[in-house]
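Engineer: Just my_file-v6.tsv, nothing more (TSV, C-alpha atoms):
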chain	number	residue	atom	x	y	z
G	1	MET	CA	-141.26	114.52	-113.00
G	2	SER	CA	-137.65	115.69	-113.24
G	3	GLU	CA	-135.11	114.10	-110.89
G	4	LYS	CA	-133.95	117.36	-109.36
G	5	PHE	CA	-135.23	120.83	-108.48
G	6	LEU	CA	-133.95	124.17	-107.25
G	7	LEU	CA	-134.32	124.93	-103.55
G	8	SER	CA	-134.01	128.62	-102.81
G	9	LEU	CA	-133.45	129.38	-99.11
G	10	TYR	CA	-133.79	132.69	-97.30
G	11	ARG	CA	-130.50	133.56	-95.65
G	12	PHE	CA	-129.83	136.23	-93.06
G	13	ASP	CA	-127.28	136.39	-90.28
G	14	PRO	CA	-127.79	139.65	-88.37
G	15	GLU	CA	-124.18	139.47	-87.12
G	16	LYS	CA	-122.75	139.43	-90.66
G	17	ASP	CA	-125.36	140.45	-93.24
G	18	VAL	CA	-126.70	143.91	-93.90
G	19	ARG	CA	-129.63	142.57	-95.91
G	20	PRO	CA	-131.24	139.16	-96.32
G	21	TYR	CA	-130.57	137.22	-99.53
G	22	MET	CA	-131.59	133.95	-101.18
G	23	SER	CA	-129.24	130.98	-101.67
G	24	ASP	CA	-129.98	128.36	-104.32
G	25	TYR	CA	-129.27	124.64	-103.93
G	26	GLU	CA	-129.74	121.83	-106.43
G	27	ILE	CA	-131.74	119.11	-104.70
G	28	PHE	CA	-132.22	115.55	-105.98
G	29	TYR	CA	-135.41	113.62	-105.40
G	30	PRO	CA	-134.89	110.24	-103.68
G	31	GLU	CA	-135.48	107.08	-105.71
G	32	THR	CA	-138.92	106.61	-104.14
G	33	GLY	CA	-139.92	110.07	-105.37
G	34	ASN	CA	-141.48	110.96	-102.00
G	35	MET	CA	-139.79	113.87	-100.38
G	36	MET	CA	-140.86	116.26	-97.66
G	37	VAL	CA	-139.65	119.86	-97.60
G	38	ILE	CA	-137.64	119.09	-94.45
G	39	ASP	CA	-135.66	116.45	-96.43
G	40	ALA	CA	-134.83	119.03	-99.09
G	41	ILE	CA	-133.61	121.47	-96.43
G	42	ARG	CA	-131.49	118.68	-94.90
G	43	GLN	CA	-129.90	118.03	-98.30
G	44	ALA	CA	-129.12	121.75	-98.53
G	45	GLN	CA	-127.59	121.63	-95.03
G	46	GLU	CA	-125.32	118.78	-96.13
G	47	LYS	CA	-124.04	121.00	-98.95
G	48	ASP	CA	-123.84	124.12	-96.79
G	49	SER	CA	-123.55	123.56	-93.06
G	50	THR	CA	-124.22	127.24	-92.29
G	51	VAL	CA	-127.91	126.89	-93.25
G	52	THR	CA	-129.81	127.32	-89.98
G	53	PHE	CA	-133.16	125.66	-89.44
G	54	ARG	CA	-135.17	124.64	-86.37
G	55	ARG	CA	-136.67	121.16	-86.20
G	56	SER	CA	-137.35	118.45	-83.66
G	57	CYS	CA	-139.73	115.51	-84.11
G	58	ALA	CA	-140.07	115.68	-87.92
G	59	GLN	CA	-143.54	114.16	-87.63
G	60	GLY	CA	-145.81	117.19	-87.41
G	61	VAL	CA	-146.18	116.94	-83.65
G	62	CYS	CA	-143.73	119.42	-82.13
G	63	GLY	CA	-144.58	122.29	-84.48
G	64	SER	CA	-141.05	123.67	-84.51
G	65	ASP	CA	-140.35	123.64	-88.25
G	66	GLY	CA	-143.00	126.08	-89.46
G	67	VAL	CA	-141.78	127.87	-92.60
G	68	ASN	CA	-143.15	129.66	-95.62
G	69	MET	CA	-142.95	127.48	-98.72
G	70	ASN	CA	-143.58	129.17	-102.06
G	71	GLY	CA	-145.78	131.69	-100.24
G	72	GLN	CA	-147.71	129.19	-98.12
G	73	ASN	CA	-147.07	128.64	-94.43
G	74	GLY	CA	-146.80	125.07	-93.20
G	75	LEU	CA	-144.72	122.48	-91.39
G	76	ALA	CA	-141.72	121.45	-93.49
G	77	CYS	CA	-141.80	117.91	-92.07
G	78	ILE	CA	-145.30	117.01	-93.27
G	79	THR	CA	-145.44	119.03	-96.48
G	80	PRO	CA	-144.51	117.01	-99.59
G	81	VAL	CA	-142.29	118.94	-102.00
G	82	VAL	CA	-144.65	118.07	-104.89
G	83	ASP	CA	-147.51	119.88	-103.11
G	84	VAL	CA	-145.75	123.25	-103.02
G	85	ILE	CA	-143.18	123.25	-105.83
G	86	THR	CA	-143.76	125.43	-108.89
G	87	ARG	CA	-141.85	125.01	-112.15
G	88	ASP	CA	-139.11	122.95	-110.46
G	89	LYS	CA	-138.38	125.72	-107.95
G	90	LEU	CA	-139.15	125.87	-104.25
G	91	GLU	CA	-138.57	129.02	-102.21
G	92	VAL	CA	-138.42	128.53	-98.45
G	93	ARG	CA	-138.57	131.58	-96.21
G	94	PRO	CA	-139.04	132.07	-92.46
G	95	LEU	CA	-142.57	132.56	-91.11
G	96	PRO	CA	-143.63	136.10	-92.05
G	97	GLY	CA	-144.27	138.83	-89.49
G	98	LEU	CA	-141.89	137.59	-86.79
G	99	PRO	CA	-138.31	138.87	-86.29
G	100	VAL	CA	-135.68	136.66	-87.93
G	101	ILE	CA	-133.00	135.33	-85.58
G	102	LYS	CA	-131.04	133.60	-88.33
G	103	ASP	CA	-131.93	132.15	-91.74
G	104	LEU	CA	-135.19	130.20	-91.29
G	105	ILE	CA	-135.39	130.63	-87.52
G	106	VAL	CA	-137.77	133.28	-86.20
G	107	ASP	CA	-138.16	134.76	-82.74
G	108	MET	CA	-141.47	133.36	-81.46
G	109	LYS	CA	-141.64	135.71	-78.47
G	110	PRO	CA	-144.45	137.96	-79.80
G	111	PHE	CA	-146.46	134.82	-80.56
G	112	TYR	CA	-145.92	133.26	-77.12
G	113	GLU	CA	-146.72	136.56	-75.39
G	114	GLN	CA	-150.18	136.50	-76.95
G	115	TYR	CA	-150.56	132.84	-75.96
G	116	GLU	CA	-149.66	133.73	-72.37
G	117	LYS	CA	-152.27	136.52	-72.35
G	118	ILE	CA	-155.21	134.15	-72.77
G	119	LYS	CA	-154.21	132.09	-69.69
G	120	PRO	CA	-153.97	128.70	-71.38
G	121	PHE	CA	-154.87	126.56	-68.39
G	122	LEU	CA	-157.98	125.31	-66.65
G	123	ASP	CA	-159.04	127.88	-64.04
G	124	ASN	CA	-161.31	126.31	-61.47
G	125	GLU	CA	-160.96	127.02	-57.76
G	126	GLU	CA	-163.83	124.78	-56.69
G	127	GLU	CA	-162.65	122.04	-54.43
G	128	VAL	CA	-162.74	118.51	-55.82
G	129	THR	CA	-164.71	116.41	-53.33
G	130	THR	CA	-165.25	113.34	-55.46
G	131	GLY	CA	-161.74	112.04	-54.92
G	132	HIS	CA	-161.00	111.92	-58.63
G	133	GLU	CA	-160.59	114.28	-61.56
G	134	ARG	CA	-163.24	116.83	-62.62
G	135	LEU	CA	-165.70	115.02	-64.84
G	136	GLN	CA	-167.68	116.27	-67.80
G	137	THR	CA	-170.28	114.64	-70.04
G	138	PRO	CA	-169.14	113.05	-73.31
G	139	GLU	CA	-171.16	115.76	-75.14
G	140	ASP	CA	-169.27	118.53	-73.33
G	141	ARG	CA	-166.00	116.77	-74.05
G	142	ASP	CA	-166.89	116.58	-77.75
G	143	LYS	CA	-167.00	120.39	-77.86
G	144	LEU	CA	-163.24	120.46	-77.33
G	145	ASP	CA	-162.45	118.41	-80.43
G	146	GLY	CA	-160.74	120.55	-83.03
G	147	LEU	CA	-159.54	122.96	-80.34
G	148	TYR	CA	-157.02	121.16	-78.17
G	149	GLU	CA	-154.96	119.61	-80.99
G	150	CYS	CA	-153.05	122.83	-81.81
G	151	VAL	CA	-149.26	122.33	-81.77
G	152	LEU	CA	-148.47	126.08	-81.59
G	153	CYS	CA	-146.43	126.10	-84.79
G	154	ALA	CA	-147.56	129.72	-85.48
G	155	CYS	CA	-148.35	128.98	-89.14
G	156	CYS	CA	-151.84	130.47	-88.71
G	157	SER	CA	-150.93	133.60	-86.76
G	158	THR	CA	-148.07	134.45	-89.12
G	159	SER	CA	-150.33	134.14	-92.16
G	160	CYS	CA	-152.76	136.67	-90.69
G	161	PRO	CA	-152.38	140.32	-91.85
G	162	SER	CA	-154.06	141.56	-88.66
G	163	PHE	CA	-151.31	139.83	-86.67
G	164	TRP	CA	-148.59	141.26	-88.96
G	165	TRP	CA	-149.78	144.83	-88.34
G	166	ASN	CA	-150.66	144.55	-84.66
G	167	PRO	CA	-148.80	141.63	-83.04
G	168	GLU	CA	-148.88	143.36	-79.65
G	169	LYS	CA	-152.63	144.00	-79.61
G	170	PHE	CA	-154.34	141.35	-81.76
G	171	VAL	CA	-154.23	138.00	-79.97
G	172	GLY	CA	-153.95	136.05	-83.24
G	173	PRO	CA	-155.71	132.90	-84.43
G	174	ALA	CA	-153.57	130.34	-82.57
G	175	ALA	CA	-154.04	131.95	-79.16
G	176	LEU	CA	-157.72	132.64	-79.88
G	177	LEU	CA	-158.26	128.99	-80.75
G	178	GLN	CA	-156.76	128.14	-77.36
G	179	ALA	CA	-158.82	130.87	-75.68
G	180	TYR	CA	-161.99	129.27	-77.03
G	181	ARG	CA	-160.74	125.84	-75.97
G	182	PHE	CA	-160.99	127.04	-72.34
G	183	ILE	CA	-164.12	129.18	-72.86
G	184	ALA	CA	-165.90	126.09	-74.23
G	185	ASP	CA	-164.62	123.81	-71.48
G	186	THR	CA	-167.40	123.23	-68.91
G	187	ARG	CA	-164.79	122.49	-66.22
G	188	ASP	CA	-163.36	126.01	-66.49
G	189	LYS	CA	-165.04	128.59	-64.23
G	190	GLN	CA	-163.61	131.79	-65.69
G	191	LYS	CA	-165.63	131.96	-68.90
G	192	LYS	CA	-167.00	135.47	-68.26
G	193	ALA	CA	-163.64	136.85	-67.10
G	194	ARG	CA	-161.92	135.36	-70.14
G	195	LEU	CA	-164.49	136.91	-72.47
G	196	LYS	CA	-164.34	140.31	-70.77
G	197	LYS	CA	-160.58	140.36	-71.20
G	198	LEU	CA	-161.00	139.83	-74.93
G	199	ASN	CA	-163.75	142.45	-75.34
G	200	ASP	CA	-161.79	145.34	-76.84
G	201	ALA	CA	-161.31	146.67	-80.35
G	202	PHE	CA	-158.21	144.56	-81.01
G	203	SER	CA	-157.96	141.23	-79.20
G	204	VAL	CA	-160.68	139.42	-81.15
G	205	TYR	CA	-162.46	141.99	-83.28
G	206	ARG	CA	-159.35	142.71	-85.34
G	207	CYS	CA	-160.10	139.42	-87.07
G	208	HIS	CA	-161.95	140.21	-90.30
G	209	GLY	CA	-162.57	136.58	-91.17
G	210	ILE	CA	-160.32	136.22	-94.22
G	211	MET	CA	-159.62	132.64	-93.07
G	212	ASN	CA	-155.92	132.48	-94.00
G	213	CYS	CA	-155.45	130.76	-90.63
G	214	THR	CA	-157.83	127.94	-91.49
G	215	SER	CA	-156.40	127.41	-94.97
G	216	VAL	CA	-152.80	127.02	-93.71
G	217	CYS	CA	-153.28	125.06	-90.46
G	218	PRO	CA	-151.12	121.93	-90.86
G	219	LYS	CA	-153.29	120.07	-88.36
G	220	GLY	CA	-156.50	120.84	-90.26
G	221	LEU	CA	-157.97	122.92	-87.43
G	222	ASN	CA	-160.35	125.83	-87.89
G	223	PRO	CA	-159.25	128.88	-85.84
G	224	SER	CA	-161.61	131.09	-87.83
G	225	LYS	CA	-164.62	129.13	-86.56
G	226	ALA	CA	-163.35	129.36	-82.97
G	227	ILE	CA	-162.93	133.14	-83.34
G	228	ASN	CA	-166.52	133.41	-84.60
G	229	GLU	CA	-167.71	131.39	-81.61
G	230	ILE	CA	-165.87	133.81	-79.28
G	231	LYS	CA	-167.56	136.74	-81.06
G	232	LYS	CA	-170.95	135.07	-80.58
G	233	GLU	CA	-170.24	134.53	-76.87
G	234	LEU	CA	-169.13	138.16	-76.54
G	235	ARG	CA	-172.40	139.37	-78.05
G	236	ARG	CA	-174.30	137.06	-75.70
G	237	ILE	CA	-172.73	138.62	-72.60
G	238	GLY	CA	-173.11	142.12	-74.15
Q	1	MET	CA	-166.16	148.15	-75.92
Q	2	GLY	CA	-165.18	145.74	-78.71
Q	3	THR	CA	-168.70	144.35	-79.06
Q	4	PHE	CA	-170.22	147.84	-78.93
Q	5	LEU	CA	-167.96	149.04	-81.77
Q	6	TRP	CA	-168.67	145.88	-83.77
Q	7	LEU	CA	-172.43	146.40	-83.41
Q	8	ALA	CA	-172.15	150.13	-84.11
Q	9	GLN	CA	-170.35	149.43	-87.37
Q	10	ARG	CA	-172.97	146.93	-88.52
Q	11	PHE	CA	-175.91	149.08	-87.42
Q	12	SER	CA	-174.49	152.20	-89.12
Q	13	SER	CA	-173.96	150.26	-92.34
Q	14	LEU	CA	-177.66	149.33	-92.31
Q	15	ILE	CA	-178.65	153.00	-91.97
Q	16	ILE	CA	-176.29	153.95	-94.82
Q	17	LEU	CA	-177.65	151.18	-97.04
Q	18	SER	CA	-181.29	152.07	-96.34
Q	19	TYR	CA	-180.67	155.77	-97.06
Q	20	VAL	CA	-178.89	155.06	-100.34
Q	21	LEU	CA	-181.62	152.61	-101.42
Q	22	PHE	CA	-184.31	155.11	-100.47
Q	23	ILE	CA	-182.69	157.87	-102.55
Q	24	VAL	CA	-182.11	155.62	-105.56
Q	25	ILE	CA	-185.64	154.17	-105.49
Q	26	SER	CA	-187.13	157.66	-105.01
Q	27	TYR	CA	-185.34	158.81	-108.13
Q	28	PHE	CA	-187.15	156.18	-110.19
Q	29	VAL	CA	-190.52	156.55	-108.45
Q	30	LYS	CA	-190.79	160.35	-108.31
Q	31	PRO	CA	-190.39	162.81	-111.23
Q	32	TYR	CA	-187.16	164.36	-109.93
Q	33	ASP	CA	-185.59	164.44	-113.39
Q	34	LEU	CA	-188.51	166.53	-114.73
Q	35	ASP	CA	-189.14	168.91	-111.85
Q	36	ALA	CA	-186.37	169.98	-109.48
Q	37	GLN	CA	-188.90	171.69	-107.21
Q	38	VAL	CA	-190.29	168.30	-106.20
Q	39	TRP	CA	-186.78	167.25	-105.15
Q	40	PHE	CA	-186.25	170.44	-103.11
Q	41	THR	CA	-189.61	170.07	-101.37
Q	42	ASP	CA	-188.93	166.44	-100.50
Q	43	ILE	CA	-185.36	166.88	-99.33
Q	44	ARG	CA	-186.32	169.87	-97.15
Q	45	SER	CA	-189.14	168.03	-95.39
Q	46	ILE	CA	-188.61	167.43	-91.67
Q	47	GLN	CA	-188.67	163.63	-92.17
Q	48	MET	CA	-185.89	163.82	-94.77
Q	49	LYS	CA	-183.87	166.17	-92.57
Q	50	ILE	CA	-184.03	163.67	-89.72
Q	51	PHE	CA	-183.22	160.76	-92.06
Q	52	THR	CA	-180.33	162.65	-93.69
Q	53	SER	CA	-178.92	163.67	-90.29
Q	54	LEU	CA	-179.09	160.06	-89.17
Q	55	PHE	CA	-177.36	159.02	-92.39
Q	56	LEU	CA	-174.55	161.54	-91.88
Q	57	ILE	CA	-174.04	160.51	-88.25
Q	58	ALA	CA	-173.94	156.87	-89.39
Q	59	ILE	CA	-171.41	157.69	-92.13
Q	60	VAL	CA	-169.16	159.59	-89.72
Q	61	GLY	CA	-169.34	156.83	-87.09
Q	62	HIS	CA	-168.76	154.11	-89.67
Q	63	ALA	CA	-165.93	155.95	-91.42
Q	64	LEU	CA	-164.20	156.83	-88.14
Q	65	GLN	CA	-163.86	153.16	-87.28
Q	66	GLY	CA	-162.46	152.36	-90.71
Q	67	LEU	CA	-160.08	155.31	-90.62
Q	68	LYS	CA	-158.93	154.32	-87.12
Q	69	ALA	CA	-158.13	150.85	-88.45
Q	70	VAL	CA	-156.04	152.44	-91.23
Q	71	GLU	CA	-154.20	154.50	-88.61
Q	72	ASP	CA	-153.59	151.46	-86.38
Q	73	ASP	CA	-152.23	149.42	-89.28
Q	74	TYR	CA	-150.23	151.91	-91.32
Q	75	PHE	CA	-149.31	154.94	-89.21
Q	76	THR	CA	-147.08	152.96	-86.88
Q	77	GLU	CA	-143.33	152.92	-86.43
Q	78	ARG	CA	-143.24	149.35	-87.71
Q	79	THR	CA	-145.08	149.98	-90.97
Q	80	ILE	CA	-143.57	153.36	-91.77
Q	81	GLY	CA	-140.11	152.01	-90.94
Q	82	MET	CA	-140.72	149.08	-93.27
Q	83	PHE	CA	-141.77	151.21	-96.26
Q	84	LEU	CA	-139.37	154.11	-95.65
Q	85	PRO	CA	-136.45	152.94	-93.50
Q	86	GLY	CA	-135.06	155.71	-91.33
Q	87	THR	CA	-138.34	157.60	-91.05
Q	88	LYS	CA	-140.03	155.64	-88.29
Q	89	HIS	CA	-139.56	158.53	-85.87
Q	90	LEU	CA	-142.13	160.42	-87.99
Q	91	ALA	CA	-144.86	157.91	-87.16
Q	92	LYS	CA	-146.27	159.90	-84.23
Q	93	PHE	CA	-146.26	163.15	-86.19
Q	94	LEU	CA	-147.98	161.48	-89.18
Q	95	ARG	CA	-150.53	159.88	-86.87
Q	96	TYR	CA	-151.51	163.19	-85.31
Q	97	SER	CA	-151.56	164.93	-88.72
Q	98	TYR	CA	-153.86	162.21	-90.01
Q	99	ARG	CA	-156.17	162.65	-87.01
Q	100	GLY	CA	-156.12	166.43	-87.46
Q	101	PHE	CA	-157.07	166.11	-91.12
Q	102	ILE	CA	-160.01	163.84	-90.22
Q	103	CYS	CA	-161.20	166.30	-87.56
Q	104	VAL	CA	-161.06	169.20	-90.06
Q	105	VAL	CA	-163.12	167.19	-92.58
Q	106	ILE	CA	-165.72	166.35	-89.90
Q	107	VAL	CA	-165.95	169.98	-88.75
Q	108	ILE	CA	-166.44	171.24	-92.33
Q	109	LEU	CA	-169.02	168.53	-93.05
Q	110	SER	CA	-170.93	169.34	-89.85
Q	111	TYR	CA	-170.80	173.08	-90.52
Q	112	VAL	CA	-172.13	172.70	-94.05
Q	113	THR	CA	-174.81	170.23	-93.00
Q	114	VAL	CA	-176.10	172.15	-89.99
Q	115	LEU	CA	-176.02	175.64	-91.48
Q	116	SER	CA	-176.92	175.20	-95.10
Q	117	TYR	CA	-179.19	172.19	-94.91
Q	118	LEU	CA	-180.71	171.67	-91.46
Q	119	MET	CA	-181.07	175.37	-90.52
Q	120	GLU	CA	-181.11	176.64	-94.14
Q	121	VAL	CA	-179.15	179.78	-93.26
Mind converting the file's structure to structure tokens?
Structural biologist:
Amino acid sequence: MSEKFLLSLYRFDPEKDVRPYMSDYEIFYPETGNMMVIDAIRQAQEKDSTVTFRRSCAQGVCGSDGVNMNGQNGLACITPVVDVITRDKLEVRPLPGLPVIKDLIVDMKPFYEQYEKIKPFLDNEEEVTTGHERLQTPEDRDKLDGLYECVLCACCSTSCPSFWWNPEKFVGPAALLQAYRFIADTRDKQKKARLKKLNDAFSVYRCHGIMNCTSVCPKGLNPSKAINEIKKELRRIG
Amino acid sequence: MGTFLWLAQRFSSLIILSYVLFIVISYFVKPYDLDAQVWFTDIRSIQMKIFTSLFLIAIVGHALQGLKAVEDDYFTERTIGMFLPGTKHLAKFLRYSYRGFICVVIVILSYVTVLSYLMEV
């Protein structure tokens, strides 16, 4: 393995630039050899302080550093450079399909609007008379595994062509995963209403099952499976 | 509506598949390549007319959904503006032209089918 590589970053400042362009930076691997993409971007920022990038926890929990690395979406903080680099070159671009605010930062508004649509909260108006929280069986609780862990990084939705073309109408894999999280929750009492709201030509059925979402999810979740489960439920209610 | 359209697309594809298979298998089972009269007699039978009509309805229904998806994805201000910057204002016009073209094709297809095949005018 060579001791350095070329990091090519997408640059665009709407206040100054007419068109986006790529800036190249020579990045050196640390002595240990282990380097995450976020570390490479930090090195670039030390050389050029105008490079703009959003990050927070740097541990794959906050989901704020989703980027496109050599064509693959993922979280820069938990993606090793060696996993995505090709011929000593790494291109980092903002998540595709969302408007660019500056450099690697995208406007997540269209993504959050879809998330808001599916009402991501437990909807149960029944009064709790037991004096404690609403209980469910361990088996019912198990159904939520693989659904609630989503960190809303938008890697899945922005790798989905259906979301690129119709971000206002197609709910997108991340929000659909969350929709199913509440549809599958036995404590939620709005299952039918939730399903009816999704029963149009776009919200769910625009998913053609190409599974880009599942292949890029940095948390190893399976939005495609959740979408299929929603489709099954929709056919059940007719 | 979403589930209905999803089911309609799958059901219509089954009709299309069965019709195509029936025609292909018939070609190998019956002596169509030796005697065209056998083909004409078969295709003009009332059963084949019903089956062919069903096939054409299925094709139109199936194709309309696919063509609508093409319209939704590509005849939008976003997509047209991306491929040809400065022309996004034409999106609506292109969308209606596209719909008009599809309607003309369906009308011609229906006219030919009903008059020259079903009614044999």
Engineer: Let me make sure I understand: among Q:Ile57, Q:Val38, Q:Ala69, Q:Leu115, which one has the smallest atom-to-atom distance to Ser26 in chain Q if we use all atoms listed in the file?
Structural biologist: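 Ranked by minimum distance to Ser26 in chain Q, first place goes to Q:Val38.
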Engineer: Compute the chain G side of the contact with chain Q at 8 Å, counting all atoms listed in the file, and hand it back as a ChimeraX atom specification.
Structural biologist: /G:165-166,199-202,205,231,234-235,238
Engineer: Can you tell me how far CA of Ala91 in chain Q sits from CA of Pro110 in chain G, in Å to one decimal?
Structural biologist: 21.3 Å
Engineer: What does the structure give for the distance between CA of Lys196 in chain G and CA of Thr214 in chain G, in Å to one decimal?
Structural biologist: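 About the pair CA of Lys196 in chain G and CA of Thr214 in chain G: they are 25.0 Å apart.
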Engineer: Which distance in Å separates CA of Val105 in chain Q and CA of Val20 in chain Q, to one decimal?
Structural biologist: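 Distance between the two atoms: 21.4 Å.
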Engineer: Excluding range 8-18 of chain Q and its own-chain neighbours fewer than 6 positions away, which residues fall within 6 Å of it when counting all atoms listed in the file? Please give them as an NGL selection string.
Structural biologist: :Q and (55 or 58 or 62)
Engineer: Can you pull out every residue within 9 Å of Thr158 in chain G, counting all atoms listed in the file, but drop anything in the same chain fewer than 3 positions away, and send it as a PyMOL selection string?
Structural biologist: chain G and resi 73+95-98+111+154-155+161+163-164+172+213
Engineer: So which residues fall inside 6 Å of (-155.9, 139.1, -85.4) if we count all atoms listed in the file? Mind giving them as a list in words?
Structural biologist: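 Collected hits near the coordinates: Ser162, Phe163, Phe170, Val171, Gly172, Arg206 and Cys207 of chain G.
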Engineer: Can range 49-62 of chain Q be brought up to N, CA and C atoms and written out as a tab-separated table (two decimals), in the frame of the given file?
Structural biologist:
chain	number	residue	atom	x	y	z
Q	49	LYS	N	-184.96	165.55	-93.34
Q	49	LYS	CA	-183.87	166.17	-92.57
Q	49	LYS	C	-183.42	165.24	-91.44
Q	50	ILE	N	-184.39	164.61	-90.80
Q	50	ILE	CA	-184.03	163.67	-89.72
Q	50	ILE	C	-183.29	162.46	-90.31
Q	51	PHE	N	-183.83	161.94	-91.42
Q	51	PHE	CA	-183.22	160.76	-92.06
Q	51	PHE	C	-181.80	161.08	-92.55
Q	52	THR	N	-181.65	162.27	-93.16
Q	52	THR	CA	-180.33	162.65	-93.69
Q	52	THR	C	-179.33	162.86	-92.54
Q	53	SER	N	-179.82	163.46	-91.44
Q	53	SER	CA	-178.92	163.67	-90.29
Q	53	SER	C	-178.46	162.32	-89.74
Q	54	LEU	N	-179.42	161.40	-89.66
Q	54	LEU	CA	-179.09	160.06	-89.17
Q	54	LEU	C	-178.06	159.39	-90.09
Q	55	PHE	N	-178.27	159.59	-91.39
Q	55	PHE	CA	-177.36	159.02	-92.39
Q	55	PHE	C	-175.95	159.60	-92.23
Q	56	LEU	N	-175.87	160.91	-92.03
Q	56	LEU	CA	-174.55	161.54	-91.88
Q	56	LEU	C	-173.85	161.10	-90.59
Q	57	ILE	N	-174.63	160.99	-89.52
Q	57	ILE	CA	-174.04	160.51	-88.25
Q	57	ILE	C	-173.53	159.08	-88.44
Q	58	ALA	N	-174.34	158.27	-89.14
Q	58	ALA	CA	-173.94	156.87	-89.39
Q	58	ALA	C	-172.67	156.82	-90.22
Q	59	ILE	N	-172.60	157.67	-91.25
Q	59	ILE	CA	-171.41	157.69	-92.13
Q	59	ILE	C	-170.17	158.10	-91.34
Q	60	VAL	N	-170.31	159.13	-90.50
Q	60	VAL	CA	-169.16	159.59	-89.72
Q	60	VAL	C	-168.71	158.49	-88.75
Q	61	GLY	N	-169.67	157.90	-88.05
Q	61	GLY	CA	-169.34	156.83	-87.09
Q	61	GLY	C	-168.69	155.63	-87.78
Q	62	HIS	N	-169.26	155.26	-88.93
Q	62	HIS	CA	-168.76	154.11	-89.67
Q	62	HIS	C	-167.35	154.40	-90.22
